[in-house]
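Here is upload-v7.txt, consisting of compact mmCIF, C-alpha atoms and all ligand atoms:
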```txt
# COMPACT_ATOMS: atom_id res chain seq x y z
CA MET K 1 87.78 103.06 51.73
CA ALA K 2 90.44 104.28 49.36
CA TYR K 3 92.67 107.16 48.48
CA LYS K 4 90.70 109.62 46.37
CA SER K 5 91.95 110.48 42.89
CA SER K 6 90.78 111.43 39.40
CA THR K 7 92.02 110.92 35.88
CA ARG K 8 94.59 113.46 34.73
CA GLY K 9 93.01 114.67 31.52
CA THR K 10 95.03 115.72 28.51
CA ARG K 11 97.03 118.73 29.75
CA PRO K 12 100.64 118.01 30.84
CA VAL K 13 101.60 118.32 34.49
CA ARG K 14 103.31 121.70 34.97
CA TRP K 15 103.42 122.27 38.75
CA ILE K 16 105.13 120.50 41.60
CA ALA K 17 103.09 121.76 44.55
CA ILE K 18 103.91 121.59 48.25
CA HIS K 19 101.50 121.90 51.16
CA THR K 20 101.24 121.68 54.91
CA ALA K 21 98.78 119.16 56.34
CA GLU K 22 97.80 121.44 59.27
CA GLY K 23 97.09 118.59 61.63
CA ALA K 24 98.75 115.26 60.91
CA ARG K 25 102.02 114.76 62.75
CA THR K 26 103.27 111.81 60.72
CA ALA K 27 102.96 110.59 57.15
CA VAL K 28 101.36 107.40 58.46
CA SER K 29 98.62 109.27 60.33
CA LEU K 30 98.06 111.56 57.33
CA GLY K 31 97.61 108.48 55.15
CA LYS K 32 95.04 107.05 57.54
CA TYR K 33 93.17 110.35 57.47
CA PHE K 34 93.11 110.52 53.66
CA TYR K 35 91.99 106.89 53.52
CA ARG K 36 88.74 107.58 55.39
CA ASP K 37 85.51 107.50 53.36
CA ASP K 38 84.38 110.84 54.75
CA ILE K 39 87.51 112.74 53.69
CA ALA K 40 87.36 114.23 50.18
CA ALA K 41 91.06 115.01 49.97
CA SER K 42 94.35 113.31 49.15
CA SER K 43 97.89 113.95 47.96
CA HIS K 44 100.44 111.98 46.00
CA VAL K 45 102.78 111.78 48.97
CA GLY K 46 102.97 112.69 52.62
CA ILE K 47 106.27 113.69 54.17
CA ASP K 48 107.49 113.82 57.76
CA GLY K 49 110.98 114.05 59.19
CA GLY K 50 111.72 110.37 58.65
CA SER K 51 109.60 109.12 55.77
CA THR K 52 108.01 109.94 52.43
CA LEU K 53 104.88 107.83 51.82
CA GLN K 54 102.98 107.60 48.56
CA TYR K 55 99.17 107.52 48.62
CA VAL K 56 98.15 108.30 45.04
CA SER K 57 99.82 107.24 41.78
CA TYR K 58 101.45 110.02 39.77
CA ALA K 59 99.40 108.82 36.82
CA LYS K 60 96.29 110.11 38.63
CA ALA K 61 95.28 113.54 39.94
CA ALA K 62 95.28 113.82 43.73
CA TRP K 63 92.66 115.93 45.48
CA THR K 64 94.62 118.76 47.02
CA LEU K 65 94.94 121.74 44.64
CA ARG K 66 91.34 122.26 43.51
CA GLY K 67 91.30 123.22 39.80
CA GLY K 68 95.04 122.62 39.64
CA ASN K 69 94.78 118.93 40.52
CA PRO K 70 95.01 117.57 36.96
CA VAL K 71 98.23 119.46 36.21
CA SER K 72 100.16 119.06 39.48
CA ASP K 73 102.09 116.57 41.58
CA ASN K 74 101.45 117.26 45.25
CA ALA K 75 103.23 116.67 48.55
CA GLU K 76 101.77 117.30 52.00
CA MET K 77 104.32 118.03 54.68
CA CYS K 78 103.25 117.19 58.22
CA GLY K 79 103.69 120.79 59.31
CA PHE K 80 101.84 124.04 59.88
CA SER K 81 101.65 127.27 57.88
CA ARG K 82 101.94 129.23 61.13
CA TRP K 83 105.44 127.98 61.83
CA THR K 84 108.27 130.46 62.14
CA ARG K 85 111.51 129.99 60.23
CA VAL K 86 113.14 128.79 63.43
CA GLN K 87 110.43 126.15 63.85
CA TRP K 88 110.78 125.01 60.23
CA LEU K 89 114.51 124.58 60.73
CA SER K 90 114.27 122.89 64.13
CA THR K 91 115.74 119.42 64.50
CA GLY K 92 113.71 118.95 67.68
CA THR K 93 109.97 118.37 67.97
CA VAL K 94 107.62 121.24 67.02
CA ASP K 95 103.87 120.97 67.66
CA GLY K 96 104.32 117.23 67.97
CA VAL K 97 106.17 116.96 64.64
CA ALA K 98 109.64 115.42 64.88
CA ASN K 99 112.54 117.08 63.05
CA PRO K 100 110.95 119.64 60.71
CA ARG K 101 114.42 120.39 59.34
CA ALA K 102 114.71 116.84 57.98
CA MET K 103 111.18 117.14 56.57
CA VAL K 104 112.18 120.25 54.59
CA ARG K 105 115.11 118.30 53.13
CA ARG K 106 112.91 115.33 52.29
CA CYS K 107 110.42 117.62 50.58
CA ALA K 108 113.22 119.29 48.61
CA LEU K 109 114.54 115.96 47.36
CA TRP K 110 111.05 114.76 46.48
CA THR K 111 110.36 118.02 44.62
CA LYS K 112 113.61 117.79 42.68
CA SER K 113 112.90 114.19 41.70
CA ARG K 114 109.43 115.09 40.42
CA CYS K 115 110.81 118.07 38.46
CA VAL K 116 113.34 115.77 36.82
CA ALA K 117 110.69 113.10 36.13
CA ARG K 118 108.33 115.65 34.57
CA GLY K 119 110.86 117.87 32.82
CA ILE K 120 109.71 120.79 34.95
CA PRO K 121 112.16 123.66 35.65
CA ILE K 122 113.53 123.75 39.19
CA ARG K 123 112.34 127.25 40.07
CA HIS K 124 109.85 128.79 42.50
CA LEU K 125 107.10 130.46 40.50
CA THR K 126 105.62 133.81 41.44
CA PRO K 127 101.82 134.10 41.51
CA ALA K 128 102.07 136.01 38.20
CA GLN K 129 103.96 133.11 36.65
CA VAL K 130 101.32 130.74 38.00
CA ALA K 131 98.64 132.91 36.42
CA ALA K 132 100.55 132.80 33.13
CA GLY K 133 100.52 129.01 33.22
CA GLN K 134 104.30 128.63 33.49
CA ALA K 135 105.85 125.41 34.77
CA GLY K 136 107.73 125.17 38.06
CA ILE K 137 107.53 124.69 41.81
CA ILE K 138 104.74 126.25 43.86
CA ALA K 139 103.26 126.29 47.31
CA HIS K 140 99.49 126.04 47.57
CA TRP K 141 99.47 129.76 48.43
CA ASP K 142 101.17 130.60 45.13
CA TYR K 143 98.35 128.74 43.39
CA THR K 144 95.68 130.57 45.40
CA ARG K 145 97.16 133.98 44.61
CA GLY K 146 97.92 133.19 40.99
CA THR K 147 94.52 131.76 40.12
CA GLY K 148 92.06 133.13 42.68
CA ASP K 149 90.86 129.54 43.07
CA GLY K 150 90.27 128.81 46.77
CA THR K 151 91.62 130.39 49.92
CA HIS K 152 94.41 128.14 51.22
CA THR K 153 97.62 129.89 52.26
CA ASP K 154 99.89 126.92 52.96
CA VAL K 155 102.87 126.59 53.26
CA GLY K 156 102.78 129.97 54.96
CA THR K 157 105.05 132.99 54.84
CA ASN K 158 107.99 131.63 56.83
CA PHE K 159 108.77 128.50 54.87
CA PRO K 160 112.58 128.46 54.36
CA TRP K 161 112.66 128.45 50.55
CA ASP K 162 116.36 129.27 50.53
CA VAL K 163 117.18 126.18 52.57
CA PHE K 164 114.73 124.13 50.53
CA PHE K 165 116.52 124.99 47.29
CA SER K 166 120.01 124.59 48.72
CA ASP K 167 118.97 121.13 49.98
CA MET K 168 118.41 120.18 46.34
CA ASN K 169 121.97 121.13 45.43
CA PRO K 170 124.23 120.63 48.43
CA PRO K 171 127.57 122.41 48.02
CA LYS K 172 130.26 120.17 46.61
CA VAL K 173 133.21 119.31 48.77
CA GLU K 174 136.00 121.69 47.83
CA GLU K 175 138.50 120.06 45.56
CA GLU K 176 142.14 120.42 46.48
CA ASP K 177 143.68 123.55 45.13
CA GLU K 178 145.33 123.00 41.82
CA VAL K 179 149.06 122.89 42.32
CA LYS K 180 150.51 125.47 39.97
CA PRO K 181 154.04 125.38 38.65
CA HIS K 182 156.60 128.01 39.55
CA ILE K 183 159.29 129.64 37.48
CA TYR K 184 162.74 129.72 39.04
CA LYS K 185 166.07 131.17 37.97
CA LEU K 186 169.20 129.52 39.16
CA THR K 187 171.49 132.35 40.14
CA LYS K 188 174.67 130.36 39.61
CA THR K 189 173.94 129.47 36.02
CA GLY K 190 171.26 131.94 34.97
CA GLU K 191 169.15 129.03 33.75
CA VAL K 192 165.38 129.43 34.09
CA TYR K 193 163.25 126.42 34.95
CA ALA K 194 159.61 125.53 35.27
CA VAL K 195 159.16 123.49 38.44
CA THR K 196 156.06 121.32 38.71
CA PRO K 197 155.05 118.53 41.09
CA MET K 198 156.09 116.07 38.37
CA GLY K 199 159.52 117.48 37.74
CA CYS K 200 161.23 120.45 36.06
CA TRP K 201 162.43 121.57 32.71
CA LYS K 202 164.55 124.35 31.36
CA PHE K 203 162.92 126.96 29.16
CA LYS K 204 164.51 127.22 25.75
CA ASN K 205 163.92 130.96 25.54
CA ASP K 206 162.06 133.91 27.01
CA GLY K 207 159.13 133.48 24.63
CA ASP K 208 158.47 129.97 25.93
CA ARG K 209 158.70 131.19 29.50
CA VAL K 210 156.24 134.05 28.98
CA ALA K 211 153.78 131.85 27.10
CA TYR K 212 153.96 129.18 29.78
CA ALA K 213 153.37 131.71 32.56
CA LYS K 214 150.37 133.10 30.73
CA LEU K 215 148.93 129.62 30.25
CA TRP K 216 149.06 128.92 33.99
CA GLY K 217 148.30 132.42 35.20
CA ILE K 218 151.55 132.69 37.14
CA PRO K 219 154.20 135.43 37.23
CA ALA K 220 156.50 135.25 34.23
CA THR K 221 159.35 136.90 36.07
CA PRO K 222 161.46 134.15 37.66
CA THR K 223 162.19 134.03 41.31
CA ASP K 224 165.71 135.33 41.36
CA THR K 225 167.10 132.88 43.88
CA ASP K 226 168.32 129.34 43.81
CA PHE K 227 165.51 126.91 44.25
CA ALA K 228 166.08 125.06 47.49
CA GLY K 229 163.38 122.42 47.13
CA TRP K 230 162.98 119.26 45.15
CA MET K 231 162.93 119.99 41.45
CA GLY K 232 162.30 116.42 40.35
CA PRO K 233 163.56 114.87 37.15
CA ARG K 234 164.52 116.98 34.16
CA LEU K 235 161.42 116.32 32.13
CA ASP K 236 162.91 118.03 29.07
CA LEU K 237 165.76 115.53 29.03
CA LEU K 238 163.53 112.47 29.18
CA THR K 239 162.62 110.78 25.96
ZN ZN B 301 97.34 122.88 50.44
```
When written as C-alpha cells, how does the structure in this file appear?
Ligand SMILES: [Zn+2]
Amino acid sequence: MAYKSSTRGTRPVRWIAIHTAEGARTAVSLGKYFYRDDIAASSHVGIDGGSTLQYVSYAKAAWTLRGGNPVSDNAEMCGFSRWTRVQWLSTGTVDGVANPRAMVRRCALWTKSRCVARGIPIRHLTPAQVAAGQAGIIAHWDYTRGTGDGTHTDVGTNFPWDVFFSDMNPPKVEEEDEVKPHIYKLTKTGEVYAVTPMGCWKFKNDGDRVAYAKLWGIPATPTDTDFAGWMGPRLDLLT
C-alpha cells in the first residue's frame, strides 16, 4: 500500500487547487482511505479543523485533478460541496466534521504558503483564466469548467471565498493615531508656537508657520487663546 503519485513532467506548477473530500471527516481517516491499494486517488495534503497532513510530496503529482495533476498542488478539505455558507463558517460540528471554520482558515494558510513557495499569484482564477493557462488559485470546479476535463464540482457554490482570502491577510491591529502638533497663539504676547508632544517652539515668521501647517496637514491659523496645557521645553532654545 502507498499514496499514489506520478512524476511532474516538465511544465511548471501553476495552480493551487482546493477540493472537498465528500466523505472523510478527518485528515487521518482521509489518509487511510488514500493509502488503500484499491483507491486510485490522492492529494498532497488533507485538512480538517485541527490538522493539515501531508500524503504526497510536492515534488510529485498527486492524483486528484485529472489532466491538471502535473501542474497543481492539491489540498482536500474534509468537507462537502453541498454545505451552505453558514455550515462552512460553523465552529461547531457539521456532518460529523469538527469546526469547518477553522478548516477554511487552515486551507487558506496552506494555499498562501504554496503560492509563496511556487511564485504563484494569490488570486482566484475564473474558468476563463483557467482555460487560458493562467496561474493562481482554483477549486476543482474551476478546473472542470475551464478545461471540460471531468465532472467534479467541488468545493461547491457556497464556499466562503471572501473569508478564505481575508484569512490569508488578517487585518492589522490599528496603530495609535499619530499625534499631530497644534499651532497656538499666546494672546498676551502675540507669539505663535508649535506645540508637539516633545515640546514647543516659536515660529520665526508667518512663512514658517504656514509651511509647517501644510507639512502636517493642520490648520495654519493659530488658536487664538492662551494654551492652558503643557507646552514642554522650548525646543528652539535648546542647542
Ligand atoms: Zn476535487
Exercise for the section: Kindly provide, as number ranges by chain, all nucleotide and amino acid residues lying within 8 Å of ligand ZN 301 (chain B), counting only C-alpha atoms and all ligand atoms. Expected result: K: 18-21, 64-65, 76, 139-141, 152-155
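Of note, CA of Thr111 (chain K) and CA of Tyr33 (chain K) are spaced 22.8 Å apart.
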Handout entry: Residue nearest Gly133 (chain K) among K:Gly79, K:Pro12, K:Gly92, K:Pro181 (counting only C-alpha atoms)
Key =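 Under the stated criterion, the closest residue is K:Pro12.
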Problem - Contacts of Asp73 (chain K) at 7 Å (all atoms listed in the file; same-chain gap of 3+ positions) as a list in words - result: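 My reading of the contact set: Trp15, Ile16, Ala17, His44 and Tyr58 of chain K.
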Ref. answer, residues at most 8 Å from (110.9, 113.9, 51.9) with only C-alpha atoms, as a CSV table (one decimal) with C-alpha atoms, keeping the file's coordinate frame:
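New file result.csv:
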```
chain,number,residue,atom,x,y,z
K,47,ILE,CA,106.3,113.7,54.2
K,48,ASP,CA,107.5,113.8,57.8
K,49,GLY,CA,111.0,114.0,59.2
K,50,GLY,CA,111.7,110.4,58.6
K,51,SER,CA,109.6,109.1,55.8
K,52,THR,CA,108.0,109.9,52.4
K,102,ALA,CA,114.7,116.8,58.0
K,103,MET,CA,111.2,117.1,56.6
K,104,VAL,CA,112.2,120.2,54.6
K,105,ARG,CA,115.1,118.3,53.1
K,106,ARG,CA,112.9,115.3,52.3
K,107,CYS,CA,110.4,117.6,50.6
K,108,ALA,CA,113.2,119.3,48.6
K,109,LEU,CA,114.5,116.0,47.4
K,110,TRP,CA,111.0,114.8,46.5
```
Practice task
Please indicate the distance in Å from CA of Tyr55 (chain K) to CA of Ser113 (chain K), rounded to one decimal place.
Solution key: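 It comes out at 16.8 Å.
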Problem - Which residue of K:Ile183, K:Leu30, K:Ala220, K:Ala135 approaches Val45 (chain K) most closely, using all atoms listed in the file - result: K:Leu30
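Across the model, the gap from CA of Leu125 (chain K) to CA of Cys78 (chain K) is 22.5 Å.
Nearest residue to Met1 (chain K) among K:Pro100, K:Pro233, K:Pro197, K:Gly31 is K:Gly31, counting all atoms listed in the file.
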Handout entry: Pick from K:Pro170, K:Pro70, K:Gly150, K:Gly217 nearest to Val13 (chain K), counting only C-alpha atoms
Key =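 Ranking K:Pro170, K:Pro70, K:Gly150, K:Gly217 by distance to Val13 (chain K), first place goes to K:Pro70.
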Handout entry: Residue nearest Ala128 (chain K) among K:Lys204, K:Val116, K:Thr144, K:Leu215 (counting all atoms listed in the file)
Key = K:Thr144
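Between Gly23 (chain K) and the residues K:Lys60, K:Arg82, K:Arg11, K:Lys112, the shortest atom-to-atom distance, using all atoms listed in the file, involves K:Arg82.
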